[in-house]
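J.: Structure file target.txt, compact mmCIF, C-alpha atoms and all ligand atoms, is pasted below:
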```txt
# COMPACT_ATOMS: atom_id res chain seq x y z
CA MET A 1 55.59 -144.29 -16.02
CA THR A 2 55.07 -142.55 -12.68
CA LEU A 3 58.44 -142.68 -10.97
CA SER A 4 57.17 -142.45 -7.43
CA GLN A 5 54.83 -145.41 -7.94
CA THR A 6 56.71 -147.76 -10.22
CA PRO A 7 60.44 -147.98 -9.68
CA PRO A 8 62.22 -148.65 -12.98
CA ARG A 9 63.32 -152.25 -13.43
CA SER A 10 63.54 -153.20 -17.09
CA GLU A 11 65.84 -151.71 -19.75
CA ALA A 12 62.77 -150.00 -21.23
CA ASP A 13 61.91 -148.43 -17.84
CA TRP A 14 65.43 -147.09 -17.50
CA LEU A 15 65.36 -145.71 -21.02
CA ALA A 16 62.21 -143.82 -20.05
CA VAL A 17 64.05 -142.37 -17.05
CA ARG A 18 66.97 -141.44 -19.32
CA ARG A 19 64.60 -139.20 -21.27
CA ARG A 20 64.06 -137.20 -18.09
CA MET A 21 67.74 -136.25 -18.09
CA LEU A 22 69.34 -133.38 -20.01
CA LEU A 23 71.18 -135.90 -22.14
CA ASP A 24 71.60 -135.42 -25.88
CA ASP A 25 69.97 -138.21 -27.85
CA GLY A 26 72.92 -139.30 -29.95
CA LEU A 27 75.45 -139.06 -27.15
CA VAL A 28 77.06 -142.07 -25.47
CA TYR A 29 77.93 -140.47 -22.15
CA LEU A 30 80.17 -142.73 -20.06
CA ASN A 31 81.86 -140.00 -18.04
CA THR A 32 79.78 -139.34 -14.93
CA GLY A 33 83.14 -139.71 -13.15
CA SER A 34 83.87 -136.20 -14.41
CA TYR A 35 80.37 -134.65 -14.37
CA GLY A 36 76.91 -136.07 -13.88
CA ILE A 37 73.95 -135.30 -16.10
CA VAL A 38 71.27 -133.20 -14.44
CA ALA A 39 67.60 -134.23 -14.51
CA ARG A 40 65.39 -131.82 -16.42
CA GLU A 41 63.33 -131.10 -13.32
CA VAL A 42 66.47 -130.21 -11.32
CA PHE A 43 67.68 -127.99 -14.15
CA ASP A 44 64.28 -126.28 -14.29
CA ARG A 45 64.38 -125.63 -10.57
CA VAL A 46 67.89 -124.21 -10.55
CA THR A 47 67.04 -122.07 -13.58
CA GLU A 48 63.94 -120.77 -11.83
CA LEU A 49 65.94 -119.94 -8.70
CA ARG A 50 68.54 -118.17 -10.84
CA ARG A 51 65.77 -116.19 -12.50
CA GLN A 52 64.44 -115.17 -9.09
CA MET A 53 67.93 -114.29 -7.89
CA GLN A 54 68.72 -112.14 -10.89
CA SER A 55 65.35 -110.36 -10.86
CA ASN A 56 65.91 -109.12 -7.29
CA PRO A 57 69.28 -110.26 -5.92
CA VAL A 58 68.89 -108.32 -2.69
CA ASP A 59 65.59 -109.92 -1.80
CA PHE A 60 66.75 -113.36 -2.87
CA LEU A 61 70.20 -113.36 -1.28
CA TRP A 62 69.53 -111.30 1.83
CA ARG A 63 65.98 -112.27 2.77
CA ARG A 64 64.98 -115.57 1.19
CA GLY A 65 68.31 -117.35 0.69
CA GLY A 66 68.74 -118.33 4.34
CA GLU A 67 65.61 -120.45 4.48
CA LEU A 68 66.46 -122.17 1.20
CA LEU A 69 69.99 -122.83 2.42
CA ARG A 70 68.73 -124.30 5.70
CA ARG A 71 66.49 -126.68 3.76
CA ALA A 72 69.39 -127.72 1.51
CA ARG A 73 71.74 -128.23 4.45
CA GLU A 74 69.25 -130.40 6.33
CA CYS A 75 68.65 -132.52 3.25
CA LEU A 76 72.36 -132.96 2.56
CA ALA A 77 73.15 -133.82 6.18
CA GLU A 78 70.49 -136.50 6.24
CA GLU A 79 71.76 -137.90 2.96
CA ILE A 80 75.37 -138.22 4.13
CA GLY A 81 74.69 -139.23 7.73
CA CYS A 82 75.62 -136.25 9.90
CA GLU A 83 74.13 -133.31 11.76
CA PRO A 84 73.36 -130.24 9.62
CA SER A 85 75.66 -128.24 11.92
CA GLN A 86 78.70 -130.22 10.68
CA VAL A 87 78.46 -129.59 6.97
CA ILE A 88 79.88 -126.68 5.00
CA PHE A 89 78.78 -126.13 1.41
CA THR A 90 81.61 -125.59 -1.08
CA ASP A 91 81.76 -125.13 -4.84
CA ASN A 92 83.37 -128.54 -5.29
CA VAL A 93 85.59 -131.09 -3.61
CA THR A 94 88.76 -129.30 -4.73
CA THR A 95 87.72 -126.33 -2.61
CA ALA A 96 86.77 -128.60 0.30
CA MET A 97 90.15 -130.31 0.27
CA ASN A 98 92.05 -127.06 -0.20
CA LEU A 99 90.24 -125.62 2.75
CA VAL A 100 91.56 -128.40 4.98
CA ALA A 101 95.04 -128.62 3.43
CA ALA A 102 95.59 -124.86 3.60
CA SER A 103 94.64 -124.41 7.24
CA LEU A 104 95.03 -127.65 9.19
CA ARG A 105 98.14 -127.32 11.34
CA VAL A 106 99.90 -130.37 12.73
CA LYS A 107 103.00 -130.85 14.84
CA GLY A 108 106.20 -130.88 12.83
CA PRO A 109 108.36 -132.49 11.79
CA GLY A 110 105.98 -135.08 10.48
CA GLU A 111 104.42 -136.81 7.49
CA ILE A 112 101.26 -136.81 5.45
CA LEU A 113 100.44 -140.35 4.37
CA LEU A 114 98.49 -140.67 1.14
CA SER A 115 97.82 -143.22 -1.57
CA ASP A 116 99.58 -143.14 -4.94
CA HIS A 117 96.16 -142.89 -6.66
CA GLU A 118 95.10 -139.46 -5.43
CA TYR A 119 93.57 -136.97 -7.82
CA PRO A 120 96.54 -134.84 -8.93
CA ALA A 121 94.91 -131.44 -8.40
CA VAL A 122 94.11 -132.33 -4.79
CA ARG A 123 97.53 -133.90 -4.27
CA PHE A 124 99.04 -130.55 -5.27
CA ALA A 125 97.16 -128.92 -2.38
CA TRP A 126 98.82 -131.37 0.03
CA GLU A 127 102.19 -130.79 -1.62
CA ARG A 128 101.83 -127.09 -0.93
CA ALA A 129 100.68 -127.76 2.64
CA ALA A 130 103.73 -129.99 3.17
CA GLN A 131 106.08 -127.32 1.78
CA GLN A 132 104.54 -124.63 3.96
CA GLN A 133 104.62 -126.65 7.17
CA GLY A 134 107.88 -128.50 6.60
CA LEU A 135 106.12 -131.88 6.38
CA ARG A 136 106.98 -134.85 4.18
CA LEU A 137 104.58 -136.68 1.89
CA ARG A 138 104.77 -140.45 2.12
CA TYR A 139 102.99 -142.47 -0.57
CA VAL A 140 101.32 -145.82 -0.12
CA ARG A 141 101.57 -147.90 -3.26
CA LEU A 142 98.16 -149.51 -3.59
CA PRO A 143 97.95 -153.14 -4.61
CA GLU A 144 96.62 -153.84 -8.10
CA LEU A 145 93.41 -155.86 -7.97
CA PRO A 146 93.49 -156.68 -4.23
CA GLY A 147 91.38 -159.65 -3.19
CA SER A 148 90.12 -158.05 0.03
CA SER A 149 89.89 -154.76 1.90
CA GLU A 150 92.23 -156.22 4.57
CA GLU A 151 94.99 -156.24 1.97
CA ILE A 152 94.52 -152.50 1.44
CA VAL A 153 94.42 -151.71 5.16
CA ALA A 154 97.58 -153.77 5.66
CA VAL A 155 99.63 -151.67 3.21
CA PHE A 156 98.51 -148.45 4.87
CA ALA A 157 99.32 -149.94 8.30
CA ARG A 158 102.81 -150.86 7.08
CA HIS A 159 103.49 -147.25 6.05
CA LEU A 160 102.02 -145.58 9.13
CA CYS A 161 104.77 -144.54 11.54
CA PRO A 162 105.19 -142.31 14.62
CA ALA A 163 105.83 -139.33 12.31
CA THR A 164 102.45 -139.69 10.53
CA ARG A 165 100.24 -136.70 11.29
CA ILE A 166 97.61 -136.82 8.51
CA LEU A 167 96.12 -139.74 6.58
CA PHE A 168 94.59 -138.67 3.27
CA PHE A 169 92.89 -140.94 0.76
CA SER A 170 90.07 -141.08 -1.78
CA HIS A 171 86.99 -143.08 -0.91
CA VAL A 172 86.58 -144.05 -4.59
CA LEU A 173 89.77 -143.85 -6.68
CA TYR A 174 89.55 -141.58 -9.70
CA THR A 175 91.87 -143.97 -11.56
CA THR A 176 90.32 -147.44 -11.36
CA GLY A 177 87.16 -146.78 -9.37
CA MET A 178 88.38 -149.03 -6.57
CA ILE A 179 86.62 -148.31 -3.27
CA LEU A 180 88.92 -147.96 -0.27
CA PRO A 181 87.77 -149.29 3.14
CA ALA A 182 87.14 -145.89 4.66
CA TRP A 183 85.93 -147.03 8.09
CA GLU A 184 88.89 -149.36 8.64
CA LEU A 185 91.42 -146.76 7.48
CA CYS A 186 89.95 -144.06 9.72
CA GLN A 187 90.00 -146.46 12.64
CA LEU A 188 93.68 -147.08 11.94
CA ALA A 189 94.25 -143.32 11.91
CA ARG A 190 92.33 -142.76 15.13
CA GLN A 191 94.18 -145.52 16.96
CA ASN A 192 97.45 -143.81 16.04
CA GLY A 193 96.42 -140.23 16.83
CA VAL A 194 96.43 -139.31 13.13
CA VAL A 195 93.99 -136.84 11.52
CA SER A 196 91.96 -138.50 8.73
CA VAL A 197 90.90 -136.59 5.62
CA ILE A 198 88.86 -138.21 2.84
CA ASP A 199 88.34 -137.09 -0.74
CA GLY A 200 84.90 -138.54 -1.40
CA ALA A 201 84.48 -136.93 -4.84
CA HIS A 202 82.61 -139.93 -6.27
CA ALA A 203 80.83 -141.28 -3.22
CA PRO A 204 77.53 -139.32 -2.97
CA GLY A 205 75.13 -140.97 -5.41
CA MET A 206 77.28 -144.08 -5.77
CA LEU A 207 77.77 -145.43 -2.25
CA ASP A 208 75.59 -145.58 0.87
CA LEU A 209 77.42 -142.74 2.50
CA ASP A 210 77.47 -142.32 6.28
CA VAL A 211 80.27 -139.94 7.21
CA THR A 212 79.60 -140.23 10.93
CA ARG A 213 79.93 -144.00 10.85
CA ILE A 214 83.12 -143.76 8.80
CA GLY A 215 84.58 -141.83 11.70
CA CYS A 216 86.79 -139.50 9.66
CA ASP A 217 87.83 -136.04 10.79
CA PHE A 218 87.13 -134.36 7.44
CA TYR A 219 85.21 -135.60 4.41
CA GLY A 220 84.88 -133.55 1.21
CA ALA A 221 82.84 -134.51 -1.83
CA ASN A 222 81.17 -133.42 -5.02
CA LEU A 223 77.43 -133.36 -5.51
CA HIS A 224 77.71 -132.61 -9.22
CA LYS A 225 79.03 -136.05 -10.17
CA TRP A 226 76.96 -139.09 -9.13
CA LEU A 227 74.36 -137.20 -7.09
CA LEU A 228 73.45 -135.23 -10.23
CA ALA A 229 73.29 -131.73 -8.76
CA PRO A 230 74.44 -128.86 -11.01
CA VAL A 231 78.14 -128.00 -11.21
CA GLY A 232 78.93 -125.74 -8.25
CA ALA A 233 77.75 -128.03 -5.45
CA GLY A 234 80.17 -129.74 -3.09
CA PHE A 235 80.64 -129.99 0.67
CA LEU A 236 83.02 -130.50 3.54
CA TYR A 237 81.96 -132.52 6.57
CA VAL A 238 83.81 -131.66 9.77
CA ARG A 239 83.74 -134.06 12.72
CA PRO A 240 82.42 -132.47 15.94
CA GLY A 241 85.38 -131.15 17.88
CA MET A 242 87.47 -130.41 14.77
CA GLU A 243 85.79 -127.08 13.91
CA ASP A 244 88.64 -124.97 15.22
CA ARG A 245 91.26 -126.83 13.20
CA ILE A 246 90.32 -125.19 9.88
CA LEU A 247 89.94 -121.66 8.56
CA PRO A 248 88.08 -120.19 5.57
CA LEU A 249 89.99 -119.97 2.29
CA THR A 250 88.37 -116.63 1.56
CA VAL A 251 87.93 -114.06 4.29
CA SER A 252 84.73 -112.07 3.90
CA TRP A 253 81.77 -110.74 5.89
CA GLY A 254 81.44 -113.96 7.85
CA TRP A 255 84.91 -113.57 9.38
CA TYR A 256 83.92 -111.71 12.55
CA TYR A 257 81.23 -113.28 14.65
CA ASP A 258 80.35 -113.72 18.27
CA ARG A 259 82.37 -116.84 19.24
CA ALA A 260 79.89 -117.55 22.04
CA LYS A 261 77.23 -118.04 19.35
CA ALA A 262 79.51 -119.79 16.83
CA PHE A 263 77.27 -122.83 16.44
CA GLN A 264 73.82 -121.29 16.89
CA TRP A 265 71.66 -121.26 13.79
CA ASN A 266 70.65 -117.89 12.46
CA GLN A 267 68.75 -116.36 9.56
CA PHE A 268 71.56 -117.22 7.12
CA GLY A 269 70.60 -120.90 7.00
CA GLY A 270 73.39 -122.18 9.21
CA SER A 271 75.64 -121.13 12.05
CA PRO A 272 78.06 -118.17 12.03
CA TRP A 273 80.88 -120.73 11.93
CA GLN A 274 79.42 -122.23 8.72
CA ARG A 275 78.81 -118.80 7.25
CA SER A 276 82.44 -117.84 7.80
CA PHE A 277 83.32 -120.51 5.21
CA GLU A 278 80.36 -120.22 2.86
CA PHE A 279 80.13 -116.46 2.48
CA ALA A 280 83.01 -115.89 0.07
CA GLY A 281 81.73 -112.59 -1.27
CA SER A 282 78.79 -112.28 -3.69
CA ARG A 283 78.20 -115.60 -5.37
CA ASP A 284 75.65 -117.86 -7.04
CA VAL A 285 74.48 -120.30 -4.38
CA THR A 286 71.69 -121.82 -6.47
CA PRO A 287 73.56 -125.12 -7.11
CA TRP A 288 73.54 -125.70 -3.32
CA LEU A 289 69.88 -124.77 -3.04
CA VAL A 290 68.68 -127.50 -5.41
CA VAL A 291 70.37 -130.36 -3.55
CA PRO A 292 66.94 -131.35 -2.17
CA GLU A 293 65.59 -131.61 -5.72
CA ALA A 294 68.59 -133.68 -6.90
CA VAL A 295 68.29 -135.99 -3.90
CA GLY A 296 64.51 -136.16 -4.31
CA PHE A 297 64.86 -137.22 -7.93
CA LEU A 298 67.19 -140.08 -7.02
CA HIS A 299 65.00 -141.17 -4.12
CA LYS A 300 62.00 -141.41 -6.40
CA LEU A 301 63.94 -143.91 -8.48
CA GLY A 302 65.02 -145.74 -5.30
CA TRP A 303 68.57 -145.96 -4.01
CA GLN A 304 68.78 -149.74 -4.06
CA ASN A 305 67.44 -149.70 -7.56
CA ILE A 306 69.97 -147.13 -8.73
CA GLN A 307 72.89 -148.96 -7.15
CA ALA A 308 71.73 -152.24 -8.65
CA ARG A 309 71.50 -150.60 -12.08
CA GLN A 310 74.97 -149.00 -11.76
CA ARG A 311 76.52 -152.33 -10.80
CA GLU A 312 74.63 -154.31 -13.41
CA LEU A 313 75.98 -151.97 -16.10
CA ALA A 314 79.49 -152.15 -14.59
CA ALA A 315 79.28 -155.96 -14.85
CA GLU A 316 78.16 -155.58 -18.47
CA ALA A 317 81.13 -153.31 -19.16
CA ARG A 318 83.47 -155.93 -17.69
CA SER A 319 82.03 -158.75 -19.70
CA ARG A 320 82.07 -156.78 -22.96
CA LEU A 321 85.49 -155.15 -22.61
CA ASP A 322 87.82 -157.29 -20.49
CA GLY A 323 90.20 -158.98 -22.96
CA ARG A 324 88.75 -157.11 -25.94
CA ARG A 325 91.50 -155.85 -28.27
CA GLY A 326 94.02 -156.21 -25.46
CA LEU A 327 92.06 -154.22 -22.81
CA ARG A 328 92.56 -155.64 -19.31
CA LEU A 329 90.24 -155.13 -16.34
CA ALA A 330 91.91 -152.93 -13.69
CA THR A 331 89.07 -152.68 -11.15
CA PRO A 332 88.66 -155.41 -8.51
CA THR A 333 85.52 -157.52 -8.74
CA THR A 334 85.54 -158.37 -5.03
CA ALA A 335 82.29 -157.20 -3.42
CA GLY A 336 82.72 -153.88 -1.64
CA LEU A 337 85.81 -152.87 -3.61
CA SER A 338 84.08 -151.60 -6.72
CA GLY A 339 81.06 -149.52 -7.61
CA ALA A 340 80.05 -147.71 -10.78
CA ILE A 341 83.49 -146.93 -12.22
CA THR A 342 85.29 -149.67 -14.12
CA ALA A 343 88.71 -149.21 -15.66
CA PHE A 344 90.59 -151.14 -18.31
CA ARG A 345 94.31 -151.00 -18.92
CA LEU A 346 95.12 -150.11 -22.52
CA PRO A 347 97.27 -152.56 -24.47
CA GLY A 348 100.92 -151.58 -24.89
CA THR A 349 100.29 -151.09 -28.60
CA ALA A 350 98.08 -148.07 -27.84
CA THR A 351 100.97 -145.68 -27.37
CA ASP A 352 98.90 -142.48 -27.52
CA PRO A 353 96.03 -142.83 -25.01
CA GLN A 354 94.64 -139.36 -25.69
CA ALA A 355 94.45 -140.17 -29.40
CA VAL A 356 92.27 -143.18 -28.47
CA ARG A 357 90.03 -140.94 -26.42
CA SER A 358 89.80 -138.36 -29.19
CA ALA A 359 88.96 -141.05 -31.74
CA LEU A 360 86.15 -142.38 -29.51
CA TRP A 361 84.72 -138.88 -29.34
CA GLU A 362 85.30 -137.68 -32.88
CA ARG A 363 84.37 -140.86 -34.70
CA PHE A 364 81.73 -142.33 -32.38
CA ARG A 365 80.42 -139.51 -30.15
CA ILE A 366 81.47 -141.47 -27.05
CA GLU A 367 82.33 -139.28 -24.07
CA ILE A 368 84.66 -141.27 -21.85
CA ASN A 369 87.74 -140.59 -19.77
CA MET A 370 91.28 -141.79 -20.30
CA ILE A 371 93.34 -141.75 -17.13
CA GLU A 372 97.08 -141.32 -17.42
CA HIS A 373 99.03 -142.49 -14.39
CA ALA A 374 102.34 -144.21 -13.70
CA ALA A 375 100.47 -147.52 -13.33
CA GLY A 376 98.05 -146.86 -16.25
CA PRO A 377 96.88 -145.73 -18.72
CA TRP A 378 93.28 -146.77 -18.19
CA LEU A 379 90.08 -146.35 -20.13
CA ARG A 380 87.62 -145.36 -17.40
CA VAL A 381 83.98 -146.33 -17.89
CA SER A 382 81.41 -144.67 -15.63
CA THR A 383 77.99 -146.30 -15.57
CA HIS A 384 75.09 -144.39 -14.03
CA PHE A 385 71.46 -145.42 -14.29
CA TYR A 386 70.96 -143.34 -17.44
CA ASN A 387 73.49 -145.43 -19.33
CA SER A 388 72.29 -148.45 -21.23
CA ARG A 389 73.36 -151.76 -22.68
CA HIS A 390 73.21 -150.00 -26.02
CA ASP A 391 75.87 -147.49 -24.81
CA LEU A 392 78.15 -150.39 -23.91
CA ASP A 393 77.51 -152.08 -27.27
CA MET A 394 78.52 -148.85 -28.98
CA LEU A 395 81.67 -148.64 -26.86
CA ALA A 396 82.61 -152.25 -27.63
CA GLN A 397 82.19 -151.65 -31.37
CA ALA A 398 84.17 -148.44 -31.20
CA VAL A 399 86.97 -150.16 -29.26
CA ASP A 400 87.13 -152.81 -32.01
CA ALA A 401 87.60 -150.08 -34.58
CA VAL A 402 89.96 -147.80 -32.67
CA LEU A 403 92.24 -150.44 -31.13
CA ALA A 404 92.24 -152.72 -34.18
C1 LIG B 501 88.95 -138.24 -6.66
C2 LIG B 501 88.71 -136.84 -7.18
N1 LIG B 501 89.00 -135.80 -6.38
C3 LIG B 501 88.80 -134.53 -6.77
C4 LIG B 501 88.27 -134.26 -8.00
C5 LIG B 501 88.07 -132.82 -8.40
O1 LIG B 501 86.71 -132.52 -8.60
P1 LIG B 501 86.30 -130.99 -8.80
O2 LIG B 501 87.12 -130.47 -9.93
O3 LIG B 501 84.86 -131.03 -9.11
O4 LIG B 501 86.61 -130.29 -7.54
C6 LIG B 501 87.96 -135.29 -8.87
C7 LIG B 501 87.41 -135.01 -10.22
O5 LIG B 501 87.24 -135.84 -11.05
C8 LIG B 501 88.19 -136.62 -8.45
O6 LIG B 501 87.93 -137.66 -9.25
```
Could you render the structure from this file as structure tokens?

T.:
Amino acid sequence: MTLSQTPPRSEADWLAVRRRMLLDDGLVYLNTGSYGIVAREVFDRVTELRRQMQSNPVDFLWRRGGELLRRARECLAEEIGCEPSQVIFTDNVTTAMNLVAASLRVKGPGEILLSDHEYPAVRFAWERAAQQQGLRLRYVRLPELPGSSEEIVAVFARHLCPATRILFFSHVLYTTGMILPAWELCQLARQNGVVSVIDGAHAPGMLDLDVTRIGCDFYGANLHKWLLAPVGAGFLYVRPGMEDRILPLTVSWGWYYDRAKAFQWNQFGGSPWQRSFEFAGSRDVTPWLVVPEAVGFLHKLGWQNIQARQRELAAEARSRLDGRRGLRLATPTTAGLSGAITAFRLPGTATDPQAVRSALWERFRIEINMIEHAAGPWLRVSTHFYNSRHDLDMLAQAVDAVLA
């Protein structure tokens, strides 16, 4: 099958695409929510770039890297809906969020408003920011299985108060996969003079992402999950006008630059302002450089096609697992509120969630995540295009055995 000419449609077509991924044959991989699987051609490209880098690092990093970085930045910006000048490459979304949390200064005393489903490691960064600046964290308890996005916006609106300085939320929740109405929430923030920061870890490669339209101040994300770039590729989008509100986490050669030329592109593949964040000492930038290849691979399959496949498999997961051995669907089915992550609450009889996860791996070679949270625990099923109905059959059978 030639991908560029015949977009995959049938199960057999998708299985052919699956063979183009670096995915072990016997593995049931339902954990793209943690890490995506890289296409062989993307892996080959990053390996080739690494070979070039290691065979003459000076030539690669000092002379040729800038042009490759410019190409990657332009591709990423187009993909996420912003100008190339507004995007900073990072190793991952944790770094992107830390960068904002560690340096954004707001007027105290005040509050950071965030949902109660934020990824713990990133929440810790806000906890530290709050401690350092004398701010309070106020949590919004998200509704379980809301029927509409208005319901979600309403709970945030109820918690927003004159002391709110920062609104922080995940675009796609790591817990249940619920999608939050990013545009509406950022509008709420803007109307109240509040800075909006989004953790979009799961959005690129799952949602039609347009950060400019969303209207947030800062948007960080991973490219190594659903966009299928190698581990080591993430970004931070900064709304025009907010550039001076953040500082690099690591001070290095990019620190001093001519402020009059802060936003002029140079031979380093971006502006001096961008370089001040990206140049964190000697590092391997090859995961950033193959973003065009990762994006190109997905585009050959067709975005609409990929999204349809992700959602079709999510619907299959719901129909096979909801009610099975006491599992209960925890992800809304309302259009717009769910994507390619589907979660199921474990029955009360499963008192050791991690033992369930281990059994799925050790006995059935099923790689899947178990999310522990005050409102959980949840079995989290991630369905990317390389998953199959067969994977979900295997999971259903394994659930029968493990939760029996
Ligand atoms: C919502 C969310 N934020 C942040 C992260 C952290 O990602 P990373 O460790 O790649 O920075 C994850 C990882 O699963 C996540 O789900």

J.: Compile a residue-level contact table for chain A against ligand LIG 501 (chain B) at a cut-off of 10 Å, reporting for every qualifying residue the shortest atom pair and its distance in Å to one decimal, with only C-alpha atoms and all ligand atoms counted, rows ordered by chain and ascending number, as a tab-separated table.

T.:
```
residue	atom	partner	partner_atom	distance
A:Asn31	CA	B:LIG501	O5	9.8
A:Thr32	CA	B:LIG501	O5	9.1
A:Gly33	CA	B:LIG501	O5	6.0
A:Ser34	CA	B:LIG501	O5	4.8
A:Tyr35	CA	B:LIG501	O5	7.7
A:Thr90	CA	B:LIG501	O4	9.4
A:Asp91	CA	B:LIG501	O4	7.6
A:Asn92	CA	B:LIG501	O4	4.3
A:Val93	CA	B:LIG501	O4	4.1
A:Thr94	CA	B:LIG501	O4	3.7
A:Thr95	CA	B:LIG501	O4	6.4
A:Ala96	CA	B:LIG501	O4	8.0
A:Met97	CA	B:LIG501	C3	8.3
A:Asn98	CA	B:LIG501	O4	9.7
A:His117	CA	B:LIG501	C1	8.6
A:Glu118	CA	B:LIG501	C1	6.4
A:Tyr119	CA	B:LIG501	C2	4.9
A:Pro120	CA	B:LIG501	N1	8.0
A:Ala121	CA	B:LIG501	C5	7.0
A:Val122	CA	B:LIG501	C3	6.1
A:Arg123	CA	B:LIG501	N1	9.0
A:Phe169	CA	B:LIG501	C1	8.8
A:Ser170	CA	B:LIG501	C1	5.8
A:His171	CA	B:LIG501	C1	7.8
A:Val172	CA	B:LIG501	C1	6.6
A:Leu173	CA	B:LIG501	C1	5.7
A:Tyr174	CA	B:LIG501	O6	4.3
A:Thr175	CA	B:LIG501	O6	7.8
A:Gly177	CA	B:LIG501	C1	9.1
A:Ile198	CA	B:LIG501	C1	9.5
A:Asp199	CA	B:LIG501	N1	5.8
A:Gly200	CA	B:LIG501	C1	6.6
A:Ala201	CA	B:LIG501	C2	4.8
A:His202	CA	B:LIG501	O6	6.5
A:Ala203	CA	B:LIG501	C1	9.3
A:Gly220	CA	B:LIG501	N1	8.9
A:Ala221	CA	B:LIG501	C3	7.7
A:Asn222	CA	B:LIG501	O3	6.0
A:Leu223	CA	B:LIG501	O3	8.6
A:His224	CA	B:LIG501	O3	7.3
A:Lys225	CA	B:LIG501	O3	7.8
A:Val231	CA	B:LIG501	O3	7.7
A:Gly232	CA	B:LIG501	O3	8.0
A:Ala233	CA	B:LIG501	O3	8.5
A:Gly234	CA	B:LIG501	O3	7.7
A:Asn369	CA	B:LIG501	O5	9.9
```

J.: Keeping only C-alpha atoms, write the selected residues as a PDB file, in the coordinates of the input.

T.:
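Output file result_2.pdb is given in full below:
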```pdb
ATOM      1  CA  ASN A  31      81.860-140.000 -18.040  1.00  0.00           C
ATOM      2  CA  THR A  32      79.780-139.340 -14.930  1.00  0.00           C
ATOM      3  CA  GLY A  33      83.140-139.710 -13.150  1.00  0.00           C
ATOM      4  CA  SER A  34      83.870-136.200 -14.410  1.00  0.00           C
ATOM      5  CA  TYR A  35      80.370-134.650 -14.370  1.00  0.00           C
ATOM      6  CA  THR A  90      81.610-125.590  -1.080  1.00  0.00           C
ATOM      7  CA  ASP A  91      81.760-125.130  -4.840  1.00  0.00           C
ATOM      8  CA  ASN A  92      83.370-128.540  -5.290  1.00  0.00           C
ATOM      9  CA  VAL A  93      85.590-131.090  -3.610  1.00  0.00           C
ATOM     10  CA  THR A  94      88.760-129.300  -4.730  1.00  0.00           C
ATOM     11  CA  THR A  95      87.720-126.330  -2.610  1.00  0.00           C
ATOM     12  CA  ALA A  96      86.770-128.600   0.300  1.00  0.00           C
ATOM     13  CA  MET A  97      90.150-130.310   0.270  1.00  0.00           C
ATOM     14  CA  ASN A  98      92.050-127.060  -0.200  1.00  0.00           C
ATOM     15  CA  HIS A 117      96.160-142.890  -6.660  1.00  0.00           C
ATOM     16  CA  GLU A 118      95.100-139.460  -5.430  1.00  0.00           C
ATOM     17  CA  TYR A 119      93.570-136.970  -7.820  1.00  0.00           C
ATOM     18  CA  PRO A 120      96.540-134.840  -8.930  1.00  0.00           C
ATOM     19  CA  ALA A 121      94.910-131.440  -8.400  1.00  0.00           C
ATOM     20  CA  VAL A 122      94.110-132.330  -4.790  1.00  0.00           C
ATOM     21  CA  ARG A 123      97.530-133.900  -4.270  1.00  0.00           C
ATOM     22  CA  PHE A 169      92.890-140.940   0.760  1.00  0.00           C
ATOM     23  CA  SER A 170      90.070-141.080  -1.780  1.00  0.00           C
ATOM     24  CA  HIS A 171      86.990-143.080  -0.910  1.00  0.00           C
ATOM     25  CA  VAL A 172      86.580-144.050  -4.590  1.00  0.00           C
ATOM     26  CA  LEU A 173      89.770-143.850  -6.680  1.00  0.00           C
ATOM     27  CA  TYR A 174      89.550-141.580  -9.700  1.00  0.00           C
ATOM     28  CA  THR A 175      91.870-143.970 -11.560  1.00  0.00           C
ATOM     29  CA  GLY A 177      87.160-146.780  -9.370  1.00  0.00           C
ATOM     30  CA  ILE A 198      88.860-138.210   2.840  1.00  0.00           C
ATOM     31  CA  ASP A 199      88.340-137.090  -0.740  1.00  0.00           C
ATOM     32  CA  GLY A 200      84.900-138.540  -1.400  1.00  0.00           C
ATOM     33  CA  ALA A 201      84.480-136.930  -4.840  1.00  0.00           C
ATOM     34  CA  HIS A 202      82.610-139.930  -6.270  1.00  0.00           C
ATOM     35  CA  ALA A 203      80.830-141.280  -3.220  1.00  0.00           C
ATOM     36  CA  GLY A 220      84.880-133.550   1.210  1.00  0.00           C
ATOM     37  CA  ALA A 221      82.840-134.510  -1.830  1.00  0.00           C
ATOM     38  CA  ASN A 222      81.170-133.420  -5.020  1.00  0.00           C
ATOM     39  CA  LEU A 223      77.430-133.360  -5.510  1.00  0.00           C
ATOM     40  CA  HIS A 224      77.710-132.610  -9.220  1.00  0.00           C
ATOM     41  CA  LYS A 225      79.030-136.050 -10.170  1.00  0.00           C
ATOM     42  CA  VAL A 231      78.140-128.000 -11.210  1.00  0.00           C
ATOM     43  CA  GLY A 232      78.930-125.740  -8.250  1.00  0.00           C
ATOM     44  CA  ALA A 233      77.750-128.030  -5.450  1.00  0.00           C
ATOM     45  CA  GLY A 234      80.170-129.740  -3.090  1.00  0.00           C
ATOM     46  CA  ASN A 369      87.740-140.590 -19.770  1.00  0.00           C
TER      47      ASN A 369
END
```

J.: Could you pull the residues within 9 Å of region 283-286 of chain A, counting all atoms listed in the file, minus those fewer than 2 positions along the same chain, as a list in words?

T.: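 Within the cut-off, the hits are Val46, Thr47, Leu49, Arg50, Met53, Leu61, Gly65, Leu69, Asp91, Pro230, Gly232, Ala233, Phe279, Ala280, Gly281, Trp288, Leu289 and Val290 of chain A.
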
J.: Determine, counting all atoms listed in the file, which protein, DNA and RNA residues have an atom within 10 Å of an atom of Leu346 (chain A); residues of the same chain fewer than 5 positions away are not included. Present the result as an MDAnalysis selection string.

T.: chainID A and resid 325:330 351:353 356 370 376:379 403
